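S.K.: Dropping in final13.cif, with mmCIF, C-alpha atoms, pLDDT in the B column; chains and numbers go by the auth columns.
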data_final
#
loop_
_atom_site.group_PDB
_atom_site.id
_atom_site.type_symbol
_atom_site.label_atom_id
_atom_site.label_comp_id
_atom_site.label_asym_id
_atom_site.label_seq_id
_atom_site.Cartn_x
_atom_site.Cartn_y
_atom_site.Cartn_z
_atom_site.B_iso_or_equiv
_atom_site.auth_seq_id
_atom_site.auth_asym_id
ATOM 1 C CA MET A 1 11.512 27.114 3.746 62.00 1 A
ATOM 2 C CA GLU A 2 9.890 24.740 6.265 74.00 2 A
ATOM 3 C CA ARG A 3 7.329 23.742 3.640 74.00 3 A
ATOM 4 C CA ALA A 4 10.082 22.798 1.182 76.00 4 A
ATOM 5 C CA GLY A 5 11.714 20.626 3.842 75.00 5 A
ATOM 6 C CA LYS A 6 8.450 18.807 4.535 69.00 6 A
ATOM 7 C CA ALA A 7 7.846 18.244 0.828 68.00 7 A
ATOM 8 C CA GLN A 8 11.368 16.859 0.412 72.00 8 A
ATOM 9 C CA ALA A 9 10.897 14.516 3.394 66.00 9 A
ATOM 10 C CA ARG A 10 7.574 13.321 1.955 59.00 10 A
ATOM 11 C CA ARG A 11 9.179 12.599 -1.445 61.00 11 A
ATOM 12 C CA ALA A 12 11.983 10.653 0.245 62.00 12 A
ATOM 13 C CA ALA A 13 9.452 8.601 2.235 57.00 13 A
ATOM 14 C CA VAL A 14 7.502 7.732 -0.915 51.00 14 A
ATOM 15 C CA LYS A 15 10.723 6.753 -2.694 59.00 15 A
ATOM 16 C CA ARG A 16 11.648 4.397 0.182 57.00 16 A
ATOM 17 C CA LEU A 17 8.165 2.846 0.141 50.00 17 A
ATOM 18 C CA ARG A 18 8.365 2.145 -3.580 54.00 18 A
ATOM 19 C CA ALA A 19 11.911 0.791 -3.484 57.00 19 A
ATOM 20 C CA GLY A 20 11.541 -1.461 -0.453 64.00 20 A
ATOM 21 C CA GLY A 21 9.498 -4.241 -2.026 80.00 21 A
ATOM 22 C CA HIS A 22 6.680 -3.674 0.449 86.00 22 A
ATOM 23 C CA TRP A 23 4.336 -3.136 -2.495 88.00 23 A
ATOM 24 C CA LEU A 24 4.689 -6.860 -3.203 88.00 24 A
ATOM 25 C CA THR A 25 3.900 -7.726 0.421 91.00 25 A
ATOM 26 C CA GLN A 26 0.818 -5.533 0.209 93.00 26 A
ATOM 27 C CA LEU A 27 -0.250 -7.181 -3.042 91.00 27 A
ATOM 28 C CA ARG A 28 0.281 -10.722 -1.720 91.00 28 A
ATOM 29 C CA VAL A 29 -1.679 -9.968 1.459 95.00 29 A
ATOM 30 C CA ALA A 30 -4.450 -8.295 -0.562 95.00 30 A
ATOM 31 C CA ARG A 31 -5.015 -11.596 -2.362 93.00 31 A
ATOM 32 C CA THR A 32 -5.639 -13.378 0.952 95.00 32 A
ATOM 33 C CA ILE A 33 -8.419 -11.148 2.284 97.00 33 A
ATOM 34 C CA PRO A 34 -12.095 -11.174 1.237 97.00 34 A
ATOM 35 C CA GLN A 35 -12.663 -9.285 -2.012 97.00 35 A
ATOM 36 C CA PRO A 36 -13.503 -6.458 -2.474 97.00 36 A
ATOM 37 C CA PHE A 37 -11.754 -4.748 0.446 97.00 37 A
ATOM 38 C CA THR A 38 -11.381 -1.298 1.974 96.00 38 A
ATOM 39 C CA LEU A 39 -8.239 0.669 2.809 94.00 39 A
ATOM 40 C CA ASN A 40 -8.768 -0.239 6.456 95.00 40 A
ATOM 41 C CA ASP A 41 -9.105 -3.949 5.602 97.00 41 A
ATOM 42 C CA ILE A 42 -5.785 -4.034 3.754 97.00 42 A
ATOM 43 C CA SER A 43 -4.073 -1.789 6.310 96.00 43 A
ATOM 44 C CA VAL A 44 -4.880 -4.158 9.165 97.00 44 A
ATOM 45 C CA ALA A 45 -4.023 -7.245 7.100 97.00 45 A
ATOM 46 C CA VAL A 46 -0.567 -6.026 6.005 97.00 46 A
ATOM 47 C CA TRP A 47 0.142 -4.707 9.501 97.00 47 A
ATOM 48 C CA ARG A 48 -0.515 -8.179 10.892 97.00 48 A
ATOM 49 C CA ALA A 49 1.758 -9.690 8.221 95.00 49 A
ATOM 50 C CA CYS A 50 4.578 -7.149 8.633 94.00 50 A
ATOM 51 C CA PRO A 51 4.029 -4.999 11.759 95.00 51 A
ATOM 52 C CA GLU A 52 7.587 -3.657 11.827 92.00 52 A
ATOM 53 C CA PHE A 53 7.021 -1.845 8.529 92.00 53 A
ATOM 54 C CA PHE A 54 3.277 -1.267 8.310 95.00 54 A
ATOM 55 C CA GLY A 55 2.839 -0.141 11.922 95.00 55 A
ATOM 56 C CA MET A 56 2.824 3.432 13.188 94.00 56 A
ATOM 57 C CA ARG A 57 6.095 4.309 14.865 91.00 57 A
ATOM 58 C CA GLY A 58 5.626 4.211 18.615 94.00 58 A
ATOM 59 C CA TYR A 59 2.102 2.755 18.497 94.00 59 A
ATOM 60 C CA PRO A 60 0.714 -0.781 18.173 93.00 60 A
ATOM 61 C CA TYR A 61 -1.558 0.163 15.244 94.00 61 A
ATOM 62 C CA PRO A 62 -1.418 -0.013 11.434 95.00 62 A
ATOM 63 C CA ASP A 63 -0.332 3.036 9.443 94.00 63 A
ATOM 64 C CA ASN A 64 -2.908 3.715 6.696 92.00 64 A
ATOM 65 C CA HIS A 65 -0.630 6.325 5.142 91.00 65 A
ATOM 66 C CA LYS A 66 1.975 3.759 4.105 89.00 66 A
ATOM 67 C CA VAL A 67 -0.686 1.553 2.533 92.00 67 A
ATOM 68 C CA HIS A 68 -2.234 4.582 0.819 91.00 68 A
ATOM 69 C CA TYR A 69 1.109 5.613 -0.726 88.00 69 A
ATOM 70 C CA ILE A 70 1.588 2.139 -2.171 90.00 70 A
ATOM 71 C CA LEU A 71 -1.962 2.000 -3.600 92.00 71 A
ATOM 72 C CA TYR A 72 -2.220 5.451 -5.165 89.00 72 A
ATOM 73 C CA GLY A 73 -0.056 7.717 -7.269 78.00 73 A
ATOM 74 C CA ASP A 74 1.351 7.586 -10.765 80.00 74 A
ATOM 75 C CA ARG A 75 3.346 4.453 -9.910 82.00 75 A
ATOM 76 C CA GLY A 76 0.949 2.921 -7.388 88.00 76 A
ATOM 77 C CA LEU A 77 -0.671 -0.499 -7.547 92.00 77 A
ATOM 78 C CA ILE A 78 -3.920 0.976 -8.874 93.00 78 A
ATOM 79 C CA ALA A 79 -2.181 2.923 -11.672 90.00 79 A
ATOM 80 C CA LYS A 80 -0.280 -0.221 -12.666 88.00 80 A
ATOM 81 C CA GLY A 81 -3.500 -2.264 -12.824 89.00 81 A
ATOM 82 C CA MET A 82 -2.384 -4.626 -10.051 91.00 82 A
ATOM 83 C CA ILE A 83 -5.322 -3.592 -7.887 95.00 83 A
ATOM 84 C CA HIS A 84 -8.642 -2.370 -9.285 95.00 84 A
ATOM 85 C CA ARG A 85 -10.693 0.348 -7.725 94.00 85 A
ATOM 86 C CA VAL A 86 -14.238 -1.069 -7.647 95.00 86 A
ATOM 87 C CA ARG A 87 -15.640 2.253 -6.456 95.00 87 A
ATOM 88 C CA GLN A 88 -14.504 4.972 -4.097 93.00 88 A
ATOM 89 C CA GLY A 89 -12.947 3.330 -1.045 91.00 89 A
ATOM 90 C CA LEU A 90 -13.369 -0.238 -2.330 96.00 90 A
ATOM 91 C CA PHE A 91 -10.656 -2.285 -4.065 97.00 91 A
ATOM 92 C CA GLN A 92 -10.123 -5.717 -5.584 97.00 92 A
ATOM 93 C CA VAL A 93 -7.170 -7.745 -6.848 95.00 93 A
ATOM 94 C CA PRO A 94 -7.770 -8.864 -10.452 93.00 94 A
ATOM 95 C CA GLU A 95 -8.444 -12.602 -10.600 89.00 95 A
ATOM 96 C CA ASP A 96 -6.045 -13.070 -13.504 88.00 96 A
ATOM 97 C CA LEU A 97 -3.069 -11.328 -11.820 85.00 97 A
ATOM 98 C CA ASP A 98 -0.102 -13.720 -11.746 81.00 98 A
ATOM 99 C CA LEU A 99 2.208 -12.739 -8.890 74.00 99 A
ATOM 100 C CA ASP A 100 4.967 -15.004 -10.195 74.00 100 A
ATOM 101 C CA GLN A 101 5.186 -12.929 -13.386 72.00 101 A
ATOM 102 C CA LEU A 102 5.687 -9.594 -11.594 67.00 102 A
ATOM 103 C CA PRO A 103 9.076 -7.871 -11.553 60.00 103 A
ATOM 104 C CA ALA A 104 11.059 -7.949 -8.292 54.00 104 A
ATOM 105 C CA THR A 105 11.068 -4.129 -7.959 47.00 105 A
#
Please lay out the structure from this file as structure tokens.
M.R.:
Amino acid sequence: MERAGKAQARRAAVKRLRAGGHWLTQLRVARTIPQPFTLNDISVAVWRACPEFFGMRGYPYPDNHKVHYILYGDRGLIAKGMIHRVRQGLFQVPEDLDLDQLPAT
């Protein structure tokens, strides 16, 4: 029973992350950092750009989990081809990605 509640809370958190438009913030910030980059690189960069969302609740540090959820998964930035996985733990924004042509959600 407790496990089902945790799974439901996790699904709700992922849904909020995907719906909030923070994926676009993450993508825009990813274009401003040296390429290729690590999960830690992008986590710190988006936290600096938007600490109220990308920070850990109650701590002055970035939350890698939020960044991870936006990168991975069936509907993540990697699956959509908006960020390429160069190799394990190393990512890059495609040079030909036009942010102005992306949908708002």
S.K.: Would you list the contacts of A:Trp23 as a list in words, taking every protein, DNA or RNA residue within 10 Å and counting all atoms listed in the file, but skipping same-chain residues closer than 6 positions in sequence?
M.R.: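 Here the qualifying residues turn out to be Leu17, Val29, Lys66, Val67, Tyr69, Ile70, Leu71, Gly76, Leu77 and Thr105 of chain A.
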S.K.: Near A:Ala45, counting only C-alpha atoms, which residues have an atom at most 9 Å away, once you skip same-chain residues fewer than 3 positions from it, shown as a list of chain:residue names?
M.R.: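 Here the answer would be A:Gln26, A:Val29, A:Ala30, A:Thr32, A:Ile33, A:Asn40, A:Asp41, A:Ile42, A:Arg48, A:Ala49, A:Cys50, A:Pro62.
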S.K.: For atom CA of A:Gln92 and atom CA of A:Pro51, quote the distance in Å rounded to one decimal.
M.R.: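 Going from atom CA of A:Gln92 over to atom CA of A:Pro51, I get 22.4 Å.
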S.K.: Considering only C-alpha atoms, can you say which of A:Phe54, A:Arg87, A:Met82, A:Gln8 comes closest to A:Thr38?
M.R.: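 Counting only C-alpha atoms, the residue closest to A:Thr38 is A:Arg87.
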S.K.: So what do you get for atom CA of A:Pro36 versus atom CA of A:Tyr72, distance-wise?
M.R.: 16.6 Å
S.K.: Any chance you could work out the residue set of the PyMOL selection byres ((chain A and resi 93) around 9) here, as a list in words?
M.R.: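 That expression, the PyMOL selection byres ((chain A and resi 93) around 9), corresponds here to Leu27, Ala30, Arg31, Gln35, Pro36, Gly81, Met82, Ile83, His84, Arg85, Phe91, Gln92, Pro94, Glu95, Asp96 and Leu97 of chain A.
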S.K.: If I take atom CA of A:Leu24 and atom CA of A:Arg57, how far is one from the other in Å, to one decimal?
M.R.: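 It comes out at 21.3 Å.
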S.K.: Name the closest residue to A:Ser43 among the candidates A:Arg75, A:His65, A:Lys80, A:His22; distances are taken between atoms, counting all atoms listed in the file.
M.R.: A:His65
